[in-house]
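**Q** Would you mind keeping the following structure in view while I ask a few things?
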Amino acid sequence: MPFLPNYSWEFLTEDEIEHRSLRAMRNHIDYIKKHSVYYEKTLSSIRGDDVKGIEDIQSLPFTDKSDLSAQTSDFYCTEDIAEFCVTSGSTGKPLIVPLTKNDLDRLSFNESMSFNAVGIGPEDRTQIMLSLDRLFVAGMAYYRGMIALGANTARIGVLPMEMQEYYIRLLQPSVLVGVPSYFIKLGEAIKAGARLTEKSSIKRLICIGEPLRNADMSWNSTAEKLQDLYGAQVYSTYASTEICSSYCDCVQRTGGHSHPELIYTEIIDEAGRPCPDGEVGELVVSTFGMEGMPLLRYRTGDMTFKVKGKCPCGRNSMRIGPIVYRKSQLIKLKGTTLYPATVSSVLDSMNVCEDYILELKGRLNDDNASELILHAVSDKKNLHNISTAVYAATRVRIPVFLTNKGTVSAMRKESRKAIRFVDNRR
């Protein structure tokens, strides 16, 4: 798929985007009905031509994560697979996602669109500081996207800090792609030796996997820390392995733009109805152009909102805000409900923990027998302040155990991500 940004649907009018989206949805339905065992049954009484307007899309059945997990192979649409990718399993059982050659080209196009929107071009030198192995889709997608865009791209991966610094000094990149918490550790390590100066070549940080904004769209403490350390612009991006698409900031940094030719986006409330702009709801996506495992109205479980108004960049594609919380991580403790993201927001703003993880213990389906524990890598002098701040935000007394990095890492087990919450109930 050649990269021709000027032909993107994002610059069409909203009416033109809607018209093309309806046509794409009709084609999408016909394809998945013909090739997917699951959708052949689910859509037995529905044809693509039945979709005349947006209200018809809103009446189509949802796809839940439980459906995808229990019947994964029934979603596969072809045996012509170029490679498999596997989800991290941070919210449940890892899923095997098949990709055809065209799906890989689609991934490249998607990331090229995202990187082009933040101003990256052939004149840039980029370093991908993510794993490109272990069936991980993101590192591979970003690499292919940068190459398609024409940027000089280095596959650095995840290395010790001194090696990362070595390659930064050697290659003089203008763009780094990676996880914000990793960037902070790297920046602090370099800063400690007074080696990150105002003459740094780094101009942009493309951040994945962790939020950079608060619910009101202001920068959170992580974003502020990064901008202070690097003196560079930070950009947020959201994606998942299942949807093989991303929502990335543009140069204006006003929210993550969708790519409407690749994905149809909805934000819904608990009843499945569309949320008004700015109101938090569940992100639901339909993946256009996927051959291996296309999805229809897939409920991601991630809670966000549609950003109000038009973007000054000129794109008319839908923008989403930060992921406020994950629906599956709602915790009920003796009559009180909270999300791990609430605790994470507090701890990240305090900047006194080298690392931490929340552990839910007890018995499944028994709120009164559950206990939430915070394992924190921090100095003993911070213990009281951590406990007080967490209680003020959650109104729940959460025990805080001081521990070490090795213990926290072990609690994450095989997860590729620096997850902040584990459910160990039995």
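In the structure tokens, chains take letters A, B, ... by order of appearance, with residues numbered from 1 within each chain and ligands from 1 in the order shown.
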Quick one: pick out all helix (DSSP H, G or I) residues within segment 82-261 of chain A from a backbone DSSP run and write them as a ChimeraX atom specification.
**A** /A:101-117,137-149,161-171,180-192,221-230
**Q** At a cut-off of 8 Å, using only C-alpha atoms, what residues contact segment 342-357 of chain A? Leave out same-chain residues fewer than 6 positions from it and give the result as a list of chain:residue names.
**A**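 Surrounding residues, per the criterion: A:Asn220, A:Ser221, A:Thr222, A:Leu374, A:His375, A:Ala376, A:Val377, A:Ser378, A:Asp379, A:Asn382, A:Ile386, A:Ala389, A:Val390, A:Ala393, A:Thr394, A:Lys405, A:Val408, A:Ile419, A:Arg420, A:Phe421, A:Val422.
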**Q** Please dump the current selection as a PDB file, in the first residue's frame; keep N, CA and C atoms.
**A**
```pdb
ATOM      1  N   ASN A 220      -0.157  15.249  32.036  1.00  0.00           N
ATOM      2  CA  ASN A 220       0.039  14.708  33.381  1.00  0.00           C
ATOM      3  C   ASN A 220       1.504  14.846  33.793  1.00  0.00           C
ATOM      4  N   SER A 221       1.825  14.363  34.977  1.00  0.00           N
ATOM      5  CA  SER A 221       3.182  14.541  35.508  1.00  0.00           C
ATOM      6  C   SER A 221       4.214  13.812  34.664  1.00  0.00           C
ATOM      7  N   THR A 222       3.839  12.693  34.050  1.00  0.00           N
ATOM      8  CA  THR A 222       4.775  11.954  33.192  1.00  0.00           C
ATOM      9  C   THR A 222       5.180  12.790  31.996  1.00  0.00           C
ATOM     10  N   LEU A 374      -0.710  -2.313  47.793  1.00  0.00           N
ATOM     11  CA  LEU A 374       0.223  -1.564  46.961  1.00  0.00           C
ATOM     12  C   LEU A 374       1.648  -1.970  47.315  1.00  0.00           C
ATOM     13  N   HIS A 375       2.363  -2.533  46.347  1.00  0.00           N
ATOM     14  CA  HIS A 375       3.772  -2.884  46.516  1.00  0.00           C
ATOM     15  C   HIS A 375       4.588  -1.768  45.851  1.00  0.00           C
ATOM     16  N   ALA A 376       5.330  -1.020  46.638  1.00  0.00           N
ATOM     17  CA  ALA A 376       6.028   0.163  46.127  1.00  0.00           C
ATOM     18  C   ALA A 376       7.534   0.077  46.357  1.00  0.00           C
ATOM     19  N   VAL A 377       8.273   0.470  45.333  1.00  0.00           N
ATOM     20  CA  VAL A 377       9.729   0.595  45.451  1.00  0.00           C
ATOM     21  C   VAL A 377      10.016   2.057  45.763  1.00  0.00           C
ATOM     22  N   SER A 378      10.228   2.349  47.032  1.00  0.00           N
ATOM     23  CA  SER A 378      10.395   3.735  47.458  1.00  0.00           C
ATOM     24  C   SER A 378      11.146   3.777  48.787  1.00  0.00           C
ATOM     25  N   ASP A 379      11.585   4.963  49.180  1.00  0.00           N
ATOM     26  CA  ASP A 379      12.250   5.149  50.463  1.00  0.00           C
ATOM     27  C   ASP A 379      11.222   5.098  51.594  1.00  0.00           C
ATOM     28  N   ASN A 382       8.914   7.966  52.565  1.00  0.00           N
ATOM     29  CA  ASN A 382       7.783   8.354  51.722  1.00  0.00           C
ATOM     30  C   ASN A 382       6.501   7.587  52.062  1.00  0.00           C
ATOM     31  N   ILE A 386       2.655   8.533  50.811  1.00  0.00           N
ATOM     32  CA  ILE A 386       2.025   7.689  49.791  1.00  0.00           C
ATOM     33  C   ILE A 386       0.664   7.215  50.274  1.00  0.00           C
ATOM     34  N   ALA A 389      -1.903  10.139  50.427  1.00  0.00           N
ATOM     35  CA  ALA A 389      -2.323  10.625  49.110  1.00  0.00           C
ATOM     36  C   ALA A 389      -3.264   9.638  48.421  1.00  0.00           C
ATOM     37  N   VAL A 390      -2.978   8.346  48.559  1.00  0.00           N
ATOM     38  CA  VAL A 390      -3.827   7.327  47.941  1.00  0.00           C
ATOM     39  C   VAL A 390      -5.204   7.315  48.594  1.00  0.00           C
ATOM     40  N   ALA A 393      -7.408  10.172  47.427  1.00  0.00           N
ATOM     41  CA  ALA A 393      -7.944  10.031  46.071  1.00  0.00           C
ATOM     42  C   ALA A 393      -8.992   8.936  45.958  1.00  0.00           C
ATOM     43  N   THR A 394      -8.874   7.881  46.784  1.00  0.00           N
ATOM     44  CA  THR A 394      -9.755   6.719  46.637  1.00  0.00           C
ATOM     45  C   THR A 394     -10.760   6.557  47.764  1.00  0.00           C
ATOM     46  N   LYS A 405      12.716  -3.808  43.193  1.00  0.00           N
ATOM     47  CA  LYS A 405      12.359  -3.893  41.772  1.00  0.00           C
ATOM     48  C   LYS A 405      12.184  -5.335  41.315  1.00  0.00           C
ATOM     49  N   VAL A 408       8.703  -6.665  42.217  1.00  0.00           N
ATOM     50  CA  VAL A 408       7.664  -6.088  41.356  1.00  0.00           C
ATOM     51  C   VAL A 408       7.720  -6.710  39.970  1.00  0.00           C
ATOM     52  N   ILE A 419       3.038  -3.424  33.645  1.00  0.00           N
ATOM     53  CA  ILE A 419       1.671  -3.322  34.157  1.00  0.00           C
ATOM     54  C   ILE A 419       1.671  -2.868  35.595  1.00  0.00           C
ATOM     55  N   ARG A 420       0.623  -2.154  35.992  1.00  0.00           N
ATOM     56  CA  ARG A 420       0.526  -1.590  37.328  1.00  0.00           C
ATOM     57  C   ARG A 420      -0.492  -2.312  38.207  1.00  0.00           C
ATOM     58  N   PHE A 421      -1.140  -3.339  37.654  1.00  0.00           N
ATOM     59  CA  PHE A 421      -2.195  -4.025  38.412  1.00  0.00           C
ATOM     60  C   PHE A 421      -2.220  -5.499  38.072  1.00  0.00           C
ATOM     61  N   VAL A 422      -2.309  -6.346  39.122  1.00  0.00           N
ATOM     62  CA  VAL A 422      -2.475  -7.786  38.897  1.00  0.00           C
ATOM     63  C   VAL A 422      -3.621  -8.281  39.782  1.00  0.00           C
TER      64      VAL A 422
END
```
**Q** Skipping near chain neighbours, those fewer than 3 positions away, what residues fall within 9 Å of Val324 of chain A using only C-alpha atoms, listed as JSON, numbers by chain?
**A** {"A": [211, 214, 215, 280, 302, 303, 304, 305, 321, 341, 342]}
**Q** Write out as a PyMOL selection string each polymer residue whose atoms come within 12 Å of Leu43 of chain A, counting only C-alpha atoms; drop sequence neighbours fewer than 5 positions from it.
**A** chain A and resi 28-38+48+50+59-63+296
**Q** DSSP on the backbone, strand (DSSP E) only: what residues of segment 337-415 of chain A does that give? Format it as a PyMOL selection string.
**A** chain A and resi 337-338+355-361+371-377+400-402
**Q** Would you put the residues from that selection into a file with C-alpha atoms, as a PDB file, in the first residue's frame?
**A**
```
ATOM      1  CA  THR A 337     -15.447   0.941  43.846  1.00  0.00           C
ATOM      2  CA  LEU A 338     -12.213   2.235  42.331  1.00  0.00           C
ATOM      3  CA  ASP A 355       8.342   1.239  40.527  1.00  0.00           C
ATOM      4  CA  TYR A 356       5.101  -0.141  41.944  1.00  0.00           C
ATOM      5  CA  ILE A 357       2.262  -2.581  41.364  1.00  0.00           C
ATOM      6  CA  LEU A 358      -1.222  -3.005  42.830  1.00  0.00           C
ATOM      7  CA  GLU A 359      -2.212  -6.541  43.787  1.00  0.00           C
ATOM      8  CA  LEU A 360      -5.817  -7.679  44.290  1.00  0.00           C
ATOM      9  CA  LYS A 361      -6.060 -10.725  46.574  1.00  0.00           C
ATOM     10  CA  GLU A 371      -7.934  -6.959  49.591  1.00  0.00           C
ATOM     11  CA  LEU A 372      -5.959  -4.458  47.528  1.00  0.00           C
ATOM     12  CA  ILE A 373      -2.255  -4.079  48.338  1.00  0.00           C
ATOM     13  CA  LEU A 374       0.223  -1.564  46.961  1.00  0.00           C
ATOM     14  CA  HIS A 375       3.772  -2.884  46.516  1.00  0.00           C
ATOM     15  CA  ALA A 376       6.028   0.163  46.127  1.00  0.00           C
ATOM     16  CA  VAL A 377       9.729   0.595  45.451  1.00  0.00           C
ATOM     17  CA  VAL A 400       1.484  -0.079  51.316  1.00  0.00           C
ATOM     18  CA  PHE A 401       4.336  -2.616  51.362  1.00  0.00           C
ATOM     19  CA  LEU A 402       7.823  -1.392  50.554  1.00  0.00           C
TER      20      LEU A 402
END
```
**Q** Excluding same-chain residues fewer than 3 positions from segment 223-230 of chain A, what lies within 8 Å of it counting only C-alpha atoms, as a list in words?
**A** Pro180, Phe183, Ile184, Gly187, Glu188, Lys191, Leu196, Ser200, Ile202, Leu212, Arg213, Trp219, Asn220, Gln233 and Val234 of chain A
**Q** Given only C-alpha atoms as the basis, pick out the residue of A:Ser236, A:Gln164, A:Ser201, A:Ser409 nearest to Ala189 of chain A.
**A**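 Once distances to Ala189 of chain A are computed over only C-alpha atoms, the minimum belongs to A:Gln164.
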**Q** Which is closer to Asn110 of chain A than all the others in A:Arg47, A:His257, A:Lys65, A:Lys185, using only C-alpha atoms?
**A**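 Answer, going by the shortest atom-to-atom distance: A:His257.
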**Q** Considering only C-alpha atoms, give me a table of residues in segment 280-361 of chain A that are at most 12 Å from segment 111-119 of chain A, with the closest atom pair and distance in Å for each, as a Markdown table.
**A**
```
| residue | atom | partner | partner_atom | distance |
| --- | --- | --- | --- | --- |
| A:Cys311 | CA | A:Ala117 | CA | 11.9 |
| A:Cys313 | CA | A:Ala117 | CA | 8.7 |
| A:Gly314 | CA | A:Ala117 | CA | 10.7 |
| A:Arg315 | CA | A:Ala117 | CA | 9.5 |
| A:Ser317 | CA | A:Ala117 | CA | 11.9 |
```
**Q** Smallest atom-to-atom distance to Arg106 of chain A: which of A:Thr78, A:Thr42, A:Ser246, A:Ser66, using only C-alpha atoms?
**A**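 Once distances to Arg106 of chain A are computed over only C-alpha atoms, the minimum belongs to A:Ser246.
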**Q** Report the distance between atom CA of Lys334 of chain A and atom CA of Val396 of chain A in Å, rounded to one decimal place.
**A** 9.7 Å
**Q** Could you please determine the separation between atom CA of Asn102 of chain A and atom CA of Glu83 of chain A in Å, to one decimal place?
**A**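 Distance reported for this atom pair: 11.3 Å.
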**Q** Would you work out the distance separating atom CA of Met217 of chain A from atom CA of Val284 of chain A, expressed in Å to one decimal?
**A** 20.5 Å
**Q** Find the residue from A:Leu135, A:Ala392, A:Met411, A:Met25 that sits nearest to Gln58 of chain A; use only C-alpha atoms when measuring.
**A** A:Met25
**Q** Quick one: everything within 8 Å of Gly281 of chain A, counting only C-alpha atoms, minus sequence neighbours fewer than 2 positions away in the same chain. Send it as a PyMOL selection string.
**A** chain A and resi 267-270+275+279+283+303-305
**Q** Keeping C-alpha atoms, export the residues of the selection given above as a PDB file, in the first residue's frame.
**A**
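Wrote part21.pdb, looks like this:
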```pdb
ATOM      1  CA  ILE A 267     -17.786   5.751  22.005  1.00  0.00           C
ATOM      2  CA  ILE A 268     -20.714   4.103  23.785  1.00  0.00           C
ATOM      3  CA  ASP A 269     -22.347   4.249  27.217  1.00  0.00           C
ATOM      4  CA  GLU A 270     -23.339   1.305  29.431  1.00  0.00           C
ATOM      5  CA  CYS A 275     -21.947   9.104  24.055  1.00  0.00           C
ATOM      6  CA  GLU A 279     -18.430  12.175  27.769  1.00  0.00           C
ATOM      7  CA  LEU A 283     -14.131   2.651  22.808  1.00  0.00           C
ATOM      8  CA  MET A 303     -12.775   4.028  28.485  1.00  0.00           C
ATOM      9  CA  THR A 304     -12.148   7.335  26.732  1.00  0.00           C
ATOM     10  CA  PHE A 305     -14.095  10.152  25.043  1.00  0.00           C
TER      11      PHE A 305
END
```
**Q** List the spatial neighbours of Gly278 of chain A as a PyMOL selection string - criterion: any atom at most 8 Å away, only C-alpha atoms, same-chain residues fewer than 3 positions off excluded.
**A** chain A and resi 305-308
**Q** Kindly save the residues from that selection, with N, CA and C atoms included, as a short mmCIF file (atom, residue, chain, number, x, y, z; two decimals), in the first residue's frame.
**A**
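Saved file part_2.cif follows:
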```cif
data_model
loop_
_atom_site.label_atom_id
_atom_site.label_comp_id
_atom_site.auth_asym_id
_atom_site.auth_seq_id
_atom_site.Cartn_x
_atom_site.Cartn_y
_atom_site.Cartn_z
N PHE A 305 -13.04 9.25 25.50
CA PHE A 305 -14.09 10.15 25.04
C PHE A 305 -13.71 10.77 23.71
N LYS A 306 -14.73 11.24 22.99
CA LYS A 306 -14.48 11.94 21.74
C LYS A 306 -14.15 13.40 22.06
N VAL A 307 -13.04 13.88 21.54
CA VAL A 307 -12.62 15.26 21.78
C VAL A 307 -13.52 16.20 21.00
N LYS A 308 -13.99 17.23 21.67
CA LYS A 308 -14.91 18.18 21.05
C LYS A 308 -14.19 19.09 20.05
#
```
**Q** Compare A:Gly301, A:Gly178, A:Gly362, A:Gly289 by their minimum atom-to-atom distance to Met129 of chain A, counting only C-alpha atoms, and give me the closest one.
**A** A:Gly178
